[in-house]
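*Asks:* You'll find entry_25.txt just under this line, and it carries compact mmCIF, C-alpha atoms and all ligand atoms.
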```txt
# COMPACT_ATOMS: atom_id res chain seq x y z
CA MET K 1 -31.75 -2.64 -32.00
CA GLN K 2 -32.83 1.01 -32.27
CA ASN K 3 -33.70 2.65 -35.57
CA GLY K 4 -32.29 -0.37 -37.36
CA ILE K 5 -28.77 0.30 -36.05
CA GLU K 6 -26.91 -2.62 -34.45
CA PRO K 7 -25.46 -2.01 -30.94
CA VAL K 8 -21.68 -1.66 -30.84
CA ALA K 9 -20.03 -5.03 -30.25
CA PRO K 10 -17.03 -5.30 -27.91
CA ALA K 11 -14.83 -6.40 -30.81
CA GLU K 12 -15.60 -3.15 -32.63
CA ILE K 13 -14.43 -1.16 -29.63
CA THR K 14 -11.15 -3.05 -29.62
CA ALA K 15 -10.70 -2.51 -33.35
CA ASN K 16 -11.36 1.22 -33.01
CA VAL K 17 -8.84 1.60 -30.21
CA LEU K 18 -6.20 -0.33 -32.15
CA GLU K 19 -6.81 1.89 -35.17
CA SER K 20 -6.34 5.00 -33.03
CA PHE K 21 -2.64 4.16 -32.68
CA ALA K 22 -2.04 3.76 -36.41
CA GLY K 23 -0.48 7.20 -36.71
CA ALA K 24 2.09 6.79 -33.92
CA ASP K 25 5.53 7.94 -35.12
CA SER K 26 7.29 5.18 -33.25
CA ALA K 27 6.57 1.72 -34.63
CA ARG K 28 7.70 0.20 -31.35
CA LEU K 29 5.38 2.40 -29.28
CA ARG K 30 2.52 1.52 -31.64
CA GLU K 31 3.27 -2.19 -31.18
CA LEU K 32 3.40 -1.90 -27.39
CA MET K 33 0.19 0.11 -27.09
CA GLN K 34 -1.78 -2.05 -29.51
CA SER K 35 -0.64 -5.26 -27.85
CA LEU K 36 -1.47 -3.83 -24.44
CA VAL K 37 -5.00 -3.01 -25.60
CA VAL K 38 -5.48 -6.45 -27.19
CA HIS K 39 -4.46 -8.21 -23.98
CA LEU K 40 -6.34 -5.86 -21.65
CA HIS K 41 -9.55 -6.27 -23.62
CA ALA K 42 -9.05 -10.03 -23.85
CA PHE K 43 -8.55 -10.16 -20.07
CA ALA K 44 -11.83 -8.33 -19.54
CA ALA K 45 -13.63 -10.55 -22.06
CA GLU K 46 -12.27 -13.85 -20.76
CA THR K 47 -13.03 -13.08 -17.13
CA GLY K 48 -16.30 -11.29 -17.82
CA LEU K 49 -14.92 -8.37 -15.83
CA THR K 50 -17.75 -6.60 -14.01
CA GLN K 51 -18.04 -2.86 -13.57
CA GLU K 52 -17.55 -3.30 -9.80
CA GLU K 53 -14.35 -5.27 -10.42
CA TRP K 54 -13.13 -2.64 -12.91
CA GLN K 55 -13.82 0.00 -10.24
CA ALA K 56 -11.87 -1.99 -7.62
CA GLY K 57 -8.93 -2.20 -10.03
CA ILE K 58 -8.96 1.56 -10.59
CA ALA K 59 -9.12 2.09 -6.82
CA ALA K 60 -6.07 -0.16 -6.32
CA LEU K 61 -4.11 1.76 -8.97
CA THR K 62 -5.15 5.06 -7.41
CA ALA K 63 -3.99 3.86 -3.98
CA THR K 64 -0.73 2.70 -5.57
CA GLY K 65 -0.06 6.20 -6.86
CA GLN K 66 -1.04 7.78 -3.58
CA ILE K 67 1.26 5.61 -1.44
CA THR K 68 4.25 5.94 -3.80
CA ASP K 69 6.79 8.65 -2.99
CA GLU K 70 10.56 9.03 -3.03
CA ARG K 71 10.93 6.36 -0.33
CA ARG K 72 8.12 3.99 -1.28
CA GLN K 73 7.79 2.37 -4.72
CA GLU K 74 4.48 0.50 -4.81
CA PHE K 75 4.52 0.14 -8.61
CA ILE K 76 7.74 -1.92 -8.55
CA LEU K 77 6.19 -3.91 -5.73
CA TRP K 78 3.21 -4.82 -7.95
CA SER K 79 5.59 -5.79 -10.73
CA ASP K 80 7.63 -7.91 -8.32
CA ALA K 81 4.64 -9.55 -6.60
CA LEU K 82 3.04 -10.45 -9.95
CA GLY K 83 6.29 -11.97 -11.22
CA LEU K 84 6.57 -9.42 -14.05
CA SER K 85 9.97 -8.14 -12.88
CA MET K 86 11.45 -11.64 -12.99
CA PHE K 87 9.76 -12.35 -16.33
CA VAL K 88 11.19 -9.22 -17.98
CA ASP K 89 14.58 -9.98 -16.45
CA ALA K 90 14.48 -13.51 -17.88
CA LEU K 91 13.58 -12.17 -21.34
CA ALA K 92 16.47 -9.70 -21.19
CA HIS K 93 19.17 -12.04 -19.98
CA ARG K 94 20.28 -15.29 -21.53
CA PRO K 95 23.69 -15.38 -19.91
CA PRO K 96 26.46 -17.59 -21.26
CA ALA K 97 27.26 -20.72 -19.27
CA GLY K 98 29.17 -19.82 -16.14
CA ALA K 99 27.89 -16.25 -15.87
CA THR K 100 26.33 -15.25 -12.55
CA GLU K 101 22.55 -15.13 -12.92
CA SER K 102 20.53 -11.96 -12.52
CA THR K 103 17.45 -11.34 -10.43
CA VAL K 104 15.13 -8.47 -9.50
CA LEU K 105 16.33 -4.98 -8.57
CA GLY K 106 13.63 -4.61 -5.92
CA PRO K 107 12.18 -1.37 -4.57
CA PHE K 108 14.98 -0.38 -2.16
CA TYR K 109 17.87 0.49 -4.49
CA VAL K 110 19.23 4.00 -4.01
CA PRO K 111 21.84 5.11 -6.55
CA GLY K 112 24.94 6.99 -5.37
CA SER K 113 26.11 4.85 -2.44
CA PRO K 114 29.47 5.97 -1.04
CA LEU K 115 32.61 4.41 -2.50
CA ARG K 116 34.22 2.45 0.34
CA ASP K 117 37.67 0.87 0.76
CA TYR K 118 38.42 -2.83 0.30
CA GLY K 119 37.27 -4.64 3.44
CA ALA K 120 35.26 -1.71 4.86
CA ARG K 121 32.03 -2.07 6.84
CA ILE K 122 28.77 -1.09 5.26
CA ALA K 123 26.87 -1.05 8.59
CA GLU K 124 26.96 2.39 10.17
CA ALA K 125 25.09 1.16 13.28
CA ASP K 126 24.74 -2.21 15.05
CA SER K 127 22.66 -4.39 12.77
CA GLY K 128 23.42 -8.03 13.43
CA THR K 129 26.16 -10.64 13.07
CA PRO K 130 29.10 -9.28 11.03
CA ALA K 131 29.62 -11.11 7.74
CA TRP K 132 32.90 -10.98 5.83
CA VAL K 133 31.81 -11.06 2.19
CA TYR K 134 34.61 -11.70 -0.27
CA GLY K 135 35.20 -12.93 -3.79
CA ARG K 136 36.48 -12.06 -7.22
CA VAL K 137 34.82 -10.56 -10.26
CA VAL K 138 35.86 -12.45 -13.41
CA ASP K 139 35.05 -12.70 -17.12
CA ALA K 140 32.47 -15.50 -17.47
CA VAL K 141 33.94 -16.71 -20.75
CA ASN K 142 37.69 -16.87 -20.10
CA GLY K 143 37.81 -16.58 -16.29
CA HIS K 144 40.18 -13.62 -16.32
CA PRO K 145 39.91 -11.34 -13.28
CA LEU K 146 38.34 -7.93 -13.85
CA ALA K 147 40.23 -5.10 -12.18
CA GLY K 148 38.33 -1.91 -11.37
CA ALA K 149 34.88 -3.49 -11.55
CA GLU K 150 32.29 -1.85 -9.30
CA VAL K 151 30.36 -3.91 -6.75
CA ASP K 152 27.38 -1.86 -5.51
CA VAL K 153 25.73 -3.54 -2.50
CA TRP K 154 22.73 -2.92 -0.25
CA GLN K 155 20.98 -5.03 2.35
CA ASN K 156 18.70 -5.00 5.38
CA GLY K 157 19.68 -5.33 9.04
CA ASP K 158 18.36 -7.38 11.96
CA ASN K 159 15.40 -4.99 12.33
CA ARG K 160 14.43 -6.27 8.82
CA LEU K 161 14.60 -2.77 7.36
CA TYR K 162 16.64 -1.17 4.59
CA ALA K 163 18.02 2.24 5.49
CA VAL K 164 15.61 3.88 3.06
CA GLN K 165 12.71 2.47 5.10
CA ASP K 166 14.13 3.42 8.49
CA PRO K 167 13.98 7.06 9.60
CA GLN K 168 16.44 6.25 12.45
CA ALA K 169 19.15 4.90 10.12
CA PRO K 170 22.06 6.95 8.78
CA GLU K 171 21.56 7.71 5.08
CA HIS K 172 24.26 5.32 3.80
CA HIS K 173 23.70 2.57 6.38
CA LEU K 174 24.10 -0.97 4.99
CA ARG K 175 25.07 0.11 1.51
CA GLY K 176 28.25 0.94 -0.36
CA ARG K 177 30.23 0.62 -3.57
CA PHE K 178 33.54 -1.23 -3.85
CA ARG K 179 36.12 -1.41 -6.63
CA THR K 180 37.87 -4.68 -7.39
CA ARG K 181 41.65 -4.90 -7.04
CA ASP K 182 44.02 -5.88 -9.84
CA ASP K 183 43.27 -9.55 -9.17
CA GLY K 184 39.51 -8.92 -9.36
CA ALA K 185 39.12 -9.27 -5.59
CA PHE K 186 36.59 -7.39 -3.51
CA ALA K 187 35.65 -7.67 0.15
CA PHE K 188 33.44 -5.90 2.64
CA VAL K 189 31.97 -6.37 6.08
CA ALA K 190 28.21 -6.80 5.83
CA VAL K 191 25.86 -8.28 8.41
CA ARG K 192 24.02 -11.54 8.07
CA PRO K 193 20.76 -10.47 6.39
CA THR K 194 17.35 -11.54 7.70
CA PRO K 195 14.12 -12.50 5.94
CA TYR K 196 11.69 -9.62 5.68
CA PRO K 197 8.14 -8.97 4.53
CA ILE K 198 7.73 -6.72 1.50
CA PRO K 199 5.79 -3.60 2.54
CA ASP K 200 2.30 -4.99 3.07
CA ASP K 201 0.37 -2.00 4.39
CA GLY K 202 -0.66 -0.82 0.90
CA PRO K 203 -2.58 -2.16 -2.09
CA VAL K 204 -0.04 -4.93 -2.83
CA GLY K 205 -0.35 -6.12 0.77
CA GLN K 206 -4.15 -6.13 0.45
CA MET K 207 -3.87 -8.28 -2.67
CA LEU K 208 -1.54 -10.72 -0.89
CA LYS K 209 -3.91 -11.04 2.09
CA ALA K 210 -6.98 -11.43 -0.10
CA THR K 211 -5.33 -14.20 -2.11
CA GLY K 212 -3.82 -16.09 0.83
CA ARG K 213 -0.22 -15.24 -0.06
CA HIS K 214 2.46 -14.28 2.50
CA PRO K 215 4.68 -11.22 2.01
CA TRP K 216 8.03 -12.74 3.07
CA ARG K 217 11.33 -12.77 1.21
CA PRO K 218 14.28 -15.04 2.09
CA ALA K 219 17.46 -13.39 3.47
CA HIS K 220 19.71 -11.88 0.80
CA ILE K 221 22.25 -9.20 -0.06
CA HIS K 222 21.64 -7.12 -3.21
CA MET K 223 24.39 -6.42 -5.73
CA ILE K 224 24.84 -4.52 -8.95
CA VAL K 225 28.18 -5.36 -10.57
CA ARG K 226 29.46 -3.14 -13.37
CA ALA K 227 32.59 -3.32 -15.54
CA ALA K 228 33.41 -1.68 -18.87
CA GLY K 229 32.65 -4.07 -21.72
CA TYR K 230 30.42 -6.35 -19.64
CA VAL K 231 26.68 -6.72 -19.17
CA THR K 232 25.70 -4.97 -15.94
CA LEU K 233 24.60 -7.61 -13.45
CA VAL K 234 21.70 -6.94 -11.07
CA THR K 235 21.43 -9.79 -8.62
CA HIS K 236 21.07 -11.05 -5.04
CA ILE K 237 23.14 -13.45 -3.01
CA PHE K 238 20.73 -15.58 -0.96
CA ASP K 239 21.47 -17.18 2.39
CA ARG K 240 21.06 -20.86 1.56
CA ASP K 241 19.88 -21.58 5.12
CA SER K 242 17.12 -18.95 5.08
CA ASP K 243 13.41 -19.54 5.43
CA TYR K 244 11.14 -18.72 2.45
CA LEU K 245 13.57 -19.85 -0.27
CA GLU K 246 10.74 -21.96 -1.69
CA SER K 247 8.10 -19.26 -1.53
CA ASP K 248 9.76 -15.88 -2.12
CA ALA K 249 6.96 -13.28 -2.39
CA VAL K 250 8.59 -11.84 -5.54
CA PHE K 251 9.73 -15.13 -7.17
CA ALA K 252 13.39 -14.01 -7.33
CA VAL K 253 15.24 -17.10 -6.02
CA LYS K 254 17.48 -18.96 -8.46
CA PRO K 255 19.34 -22.03 -7.19
CA SER K 256 22.69 -20.77 -8.50
CA LEU K 257 22.43 -17.68 -6.27
CA LEU K 258 22.33 -19.59 -2.96
CA ARG K 259 25.48 -19.25 -0.86
CA ALA K 260 26.57 -20.42 2.60
CA PHE K 261 27.14 -17.97 5.42
CA GLU K 262 29.78 -19.94 7.36
CA PRO K 263 29.62 -19.32 11.13
CA ARG K 264 33.02 -18.29 12.58
CA ALA K 265 34.14 -18.06 16.19
CA ALA K 266 35.41 -14.89 17.82
CA ASP K 267 38.91 -16.44 18.12
CA ASP K 268 39.08 -17.62 14.49
CA PRO K 269 42.60 -16.68 13.31
CA ALA K 270 41.17 -15.59 9.93
CA ARG K 271 39.07 -12.90 11.63
CA PRO K 272 39.47 -9.67 9.61
CA ALA K 273 40.41 -6.45 11.38
CA GLY K 274 37.46 -4.51 12.71
CA ILE K 275 35.29 -7.55 13.48
CA GLU K 276 34.65 -8.49 17.10
CA GLY K 277 32.71 -11.39 18.62
CA ASP K 278 31.06 -14.12 16.60
CA TRP K 279 30.97 -13.53 12.88
CA CYS K 280 30.42 -15.38 9.63
CA SER K 281 31.95 -15.41 6.18
CA LEU K 282 30.47 -15.60 2.71
CA GLU K 283 32.47 -16.46 -0.38
CA CYS K 284 30.87 -15.04 -3.46
CA ASP K 285 32.61 -14.99 -6.85
CA ILE K 286 30.89 -13.08 -9.64
CA ALA K 287 31.26 -13.90 -13.35
CA LEU K 288 30.18 -11.23 -15.84
CA ALA K 289 29.13 -11.82 -19.44
CA PRO K 290 30.87 -9.71 -22.10
CA GLY K 291 28.46 -7.17 -23.57
CA LEU K 292 26.93 -3.78 -23.05
CA GLU K 293 26.70 -2.00 -19.74
CA ARG K 294 23.39 -0.44 -18.81
CA THR K 295 22.38 2.27 -16.40
CA VAL K 296 20.28 1.04 -13.51
CA THR K 297 18.05 3.64 -11.95
CA ASP K 298 15.21 3.60 -9.54
CA PRO K 299 12.20 4.97 -11.43
CA GLY K 300 10.79 6.29 -8.18
CA ARG K 301 13.72 8.57 -7.53
CA THR K 302 15.06 9.64 -10.90
CA ALA K 303 12.06 10.94 -12.81
FE FE G 401 15.89 -7.04 -0.67
```
What would the structure in this file look like if it were written as C-alpha cells?
Ligand SMILES: [Fe+2]
*Replies:*
Amino acid sequence: MQNGIEPVAPAEITANVLESFAGADSARLRELMQSLVVHLHAFAAETGLTQEEWQAGIAALTATGQITDERRQEFILWSDALGLSMFVDALAHRPPAGATESTVLGPFYVPGSPLRDYGARIAEADSGTPAWVYGRVVDAVNGHPLAGAEVDVWQNGDNRLYAVQDPQAPEHHLRGRFRTRDDGAFAFVAVRPTPYPIPDDGPVGQMLKATGRHPWRPAHIHMIVRAAGYVTLVTHIFDRDSDYLESDAVFAVKPSLLRAFEPRAADDPARPAGIEGDWCSLECDIALAPGLERTVTDPGRTA
C-alpha cells in the first residue's frame, strides 16, 4: 500500500475493460467482446499465466500473421487444430435426420473452380489411382432429387499436396464444380486421396510437436454442395480404409462421412470412358436440409 491507496486488483482490471465496451453500438459486438475478455482473463487467472508465457503467445500470434499469405492460412489451421472449427460448425448445424453431416472447410479451399461436365476429370496431371465418384443430391426430408445443385470439390493427389500448395500444379488441378442432372445425379473422375500432414513448418506445427501430437489427416475429398432453398453443405467424404481416422489432427471425422473406395480392375465392364488401368469407384449420395444458403469464402483470399 502506498499513500493509503490499495493496489489495483486483477478483478478491477477486468471490470474496467468490460465497462469500456458499454457504448458499443452493436449489442452483439458488445456481447462478443465482453465475453472474450471475461474468458481471456479467466484463462490467465486460472493458469497463473506468466509474463514469459504471455510473451510466447504473442510471438506465436506474430509468427502466424507473418506466415499467412494468399496461399497459406495459418489462422484457420490454429482454429482447426484446436477443434474450434468443428465446434463452431457443430453449433451452427443441427441437421434433420437423414441430412449429410457437415465438417470443416479447411485451409485449402479456393473459390471459383471451373465448371466441368458430368463425368469429367478433375486431375489435370497424373496424381494417383483414378476414382469414379458418383451419387445423387436429394432433399433430406422427402428424398426428392435436386436438379441443378452445385457440387464443388477439391482434393489432394498422391504427392499429398493440394494444387494451392504445389507450385508445379496447374491452377485448377484436382478441383472443379459440377451441376446435378434432372435426376439429381452427379459424377466426376477424381483420384484416390491420400493422408497428408497439415502444414507443420509454422507455429501450429511447433505447437503439435511440443505437445506430442501428430499433424496427419485421414484421406478425404472436400465438397461444398449448394442448391437454392437448401442449407449449403460444407463436408468431406473420408476413405473408410484410411489411416488416422481415429486421430485426425483437426478432429473432423464423423462416422456418417466414411465411404468405401471400391477397387476395380482395368477390364471391369463398368469402367467409365477416359479411365485406363486399375481404378476405383466411390458411391456418395448427398442429402441437403431445407433452409438458407450461405456464401462460403476463404478469409485468407477474399479480404
Ligand atoms: Fe483436406
*Asks:* Restrict the calculation to all atoms listed in the file, then for each residue of chain K with any atom at most 7 Å from an atom of ligand FE 401 (chain G) give the closest atom pair and their distance in Å to one decimal, rows by chain and rising residue number, as a Markdown table.
*Replies:*
```
| residue | atom | partner | partner_atom | distance |
| --- | --- | --- | --- | --- |
| K:Gly106 | CA | G:FE401 | FE | 6.2 |
| K:Phe108 | CA | G:FE401 | FE | 6.9 |
| K:Gln155 | CA | G:FE401 | FE | 6.3 |
| K:Asn156 | CA | G:FE401 | FE | 7.0 |
| K:His220 | CA | G:FE401 | FE | 6.3 |
| K:Ile221 | CA | G:FE401 | FE | 6.7 |
| K:His222 | CA | G:FE401 | FE | 6.3 |
```
*Asks:* I'd like to know which of K:Glu53, K:Asp126, K:Glu171, K:Asp80 is closest to Pro111 (chain K), using only C-alpha atoms.
*Replies:* K:Glu171
*Asks:* Box for region 111-119 of chain K: with edges along x, y and z, all listed atoms inside and 5 Å added on each side, what are the centre and edge lengths in Å to one decimal, as lines of an AutoDock Vina configuration file?
*Replies:*
```
center_x = 30.1
center_y = 1.2
center_z = -1.6
size_x = 26.6
size_y = 21.6
size_z = 20.0
```
*Asks:* Can you tell me, as a PDB file with C-alpha atoms, in the frame of the given file, what residues are no more than 10 Å from Leu288 (chain K) when counting all atoms listed in the file, ignoring any on the same chain fewer than 4 positions away?
*Replies:*
```pdb
ATOM      1  CA  PRO K  95      23.690 -15.380 -19.910  1.00  0.00           C
ATOM      2  CA  PRO K  96      26.460 -17.590 -21.260  1.00  0.00           C
ATOM      3  CA  GLY K  98      29.170 -19.820 -16.140  1.00  0.00           C
ATOM      4  CA  ALA K  99      27.890 -16.250 -15.870  1.00  0.00           C
ATOM      5  CA  THR K 100      26.330 -15.250 -12.550  1.00  0.00           C
ATOM      6  CA  GLU K 101      22.550 -15.130 -12.920  1.00  0.00           C
ATOM      7  CA  VAL K 137      34.820 -10.560 -10.260  1.00  0.00           C
ATOM      8  CA  VAL K 138      35.860 -12.450 -13.410  1.00  0.00           C
ATOM      9  CA  ASP K 139      35.050 -12.700 -17.120  1.00  0.00           C
ATOM     10  CA  ALA K 140      32.470 -15.500 -17.470  1.00  0.00           C
ATOM     11  CA  VAL K 141      33.940 -16.710 -20.750  1.00  0.00           C
ATOM     12  CA  GLY K 143      37.810 -16.580 -16.290  1.00  0.00           C
ATOM     13  CA  LEU K 146      38.340  -7.930 -13.850  1.00  0.00           C
ATOM     14  CA  VAL K 225      28.180  -5.360 -10.570  1.00  0.00           C
ATOM     15  CA  ARG K 226      29.460  -3.140 -13.370  1.00  0.00           C
ATOM     16  CA  ALA K 227      32.590  -3.320 -15.540  1.00  0.00           C
ATOM     17  CA  GLY K 229      32.650  -4.070 -21.720  1.00  0.00           C
ATOM     18  CA  TYR K 230      30.420  -6.350 -19.640  1.00  0.00           C
ATOM     19  CA  VAL K 231      26.680  -6.720 -19.170  1.00  0.00           C
ATOM     20  CA  THR K 232      25.700  -4.970 -15.940  1.00  0.00           C
ATOM     21  CA  LEU K 233      24.600  -7.610 -13.450  1.00  0.00           C
TER      22      LEU K 233
END
```
*Asks:* From the set K:Thr235, K:Asn3, K:Met86, K:Ala44, which residue has the shortest atom-to-atom contact distance to Ala287 (chain K), counting all atoms listed in the file?
*Replies:* K:Thr235
*Asks:* Gly277 (chain K): which residues within 12 Å, counting all atoms listed in the file, same-chain residues fewer than 5 positions away excluded, as a ChimeraX atom specification?
*Replies:* /K:128-131,263-268,271-272
*Asks:* For Trp154 (chain K), which residue out of K:Arg116, K:His236, K:Arg72, K:Arg94 is the nearest one, using all atoms listed in the file?
*Replies:*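 Among K:Arg116, K:His236, K:Arg72, K:Arg94, it is K:His236 that comes nearest to Trp154 (chain K).
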*Asks:* Restricting the calculation to all atoms listed in the file: of K:Leu32, K:Val104, K:Val164, K:Ala228, which residue gets closest to Leu84 (chain K)?
*Replies:* K:Val104
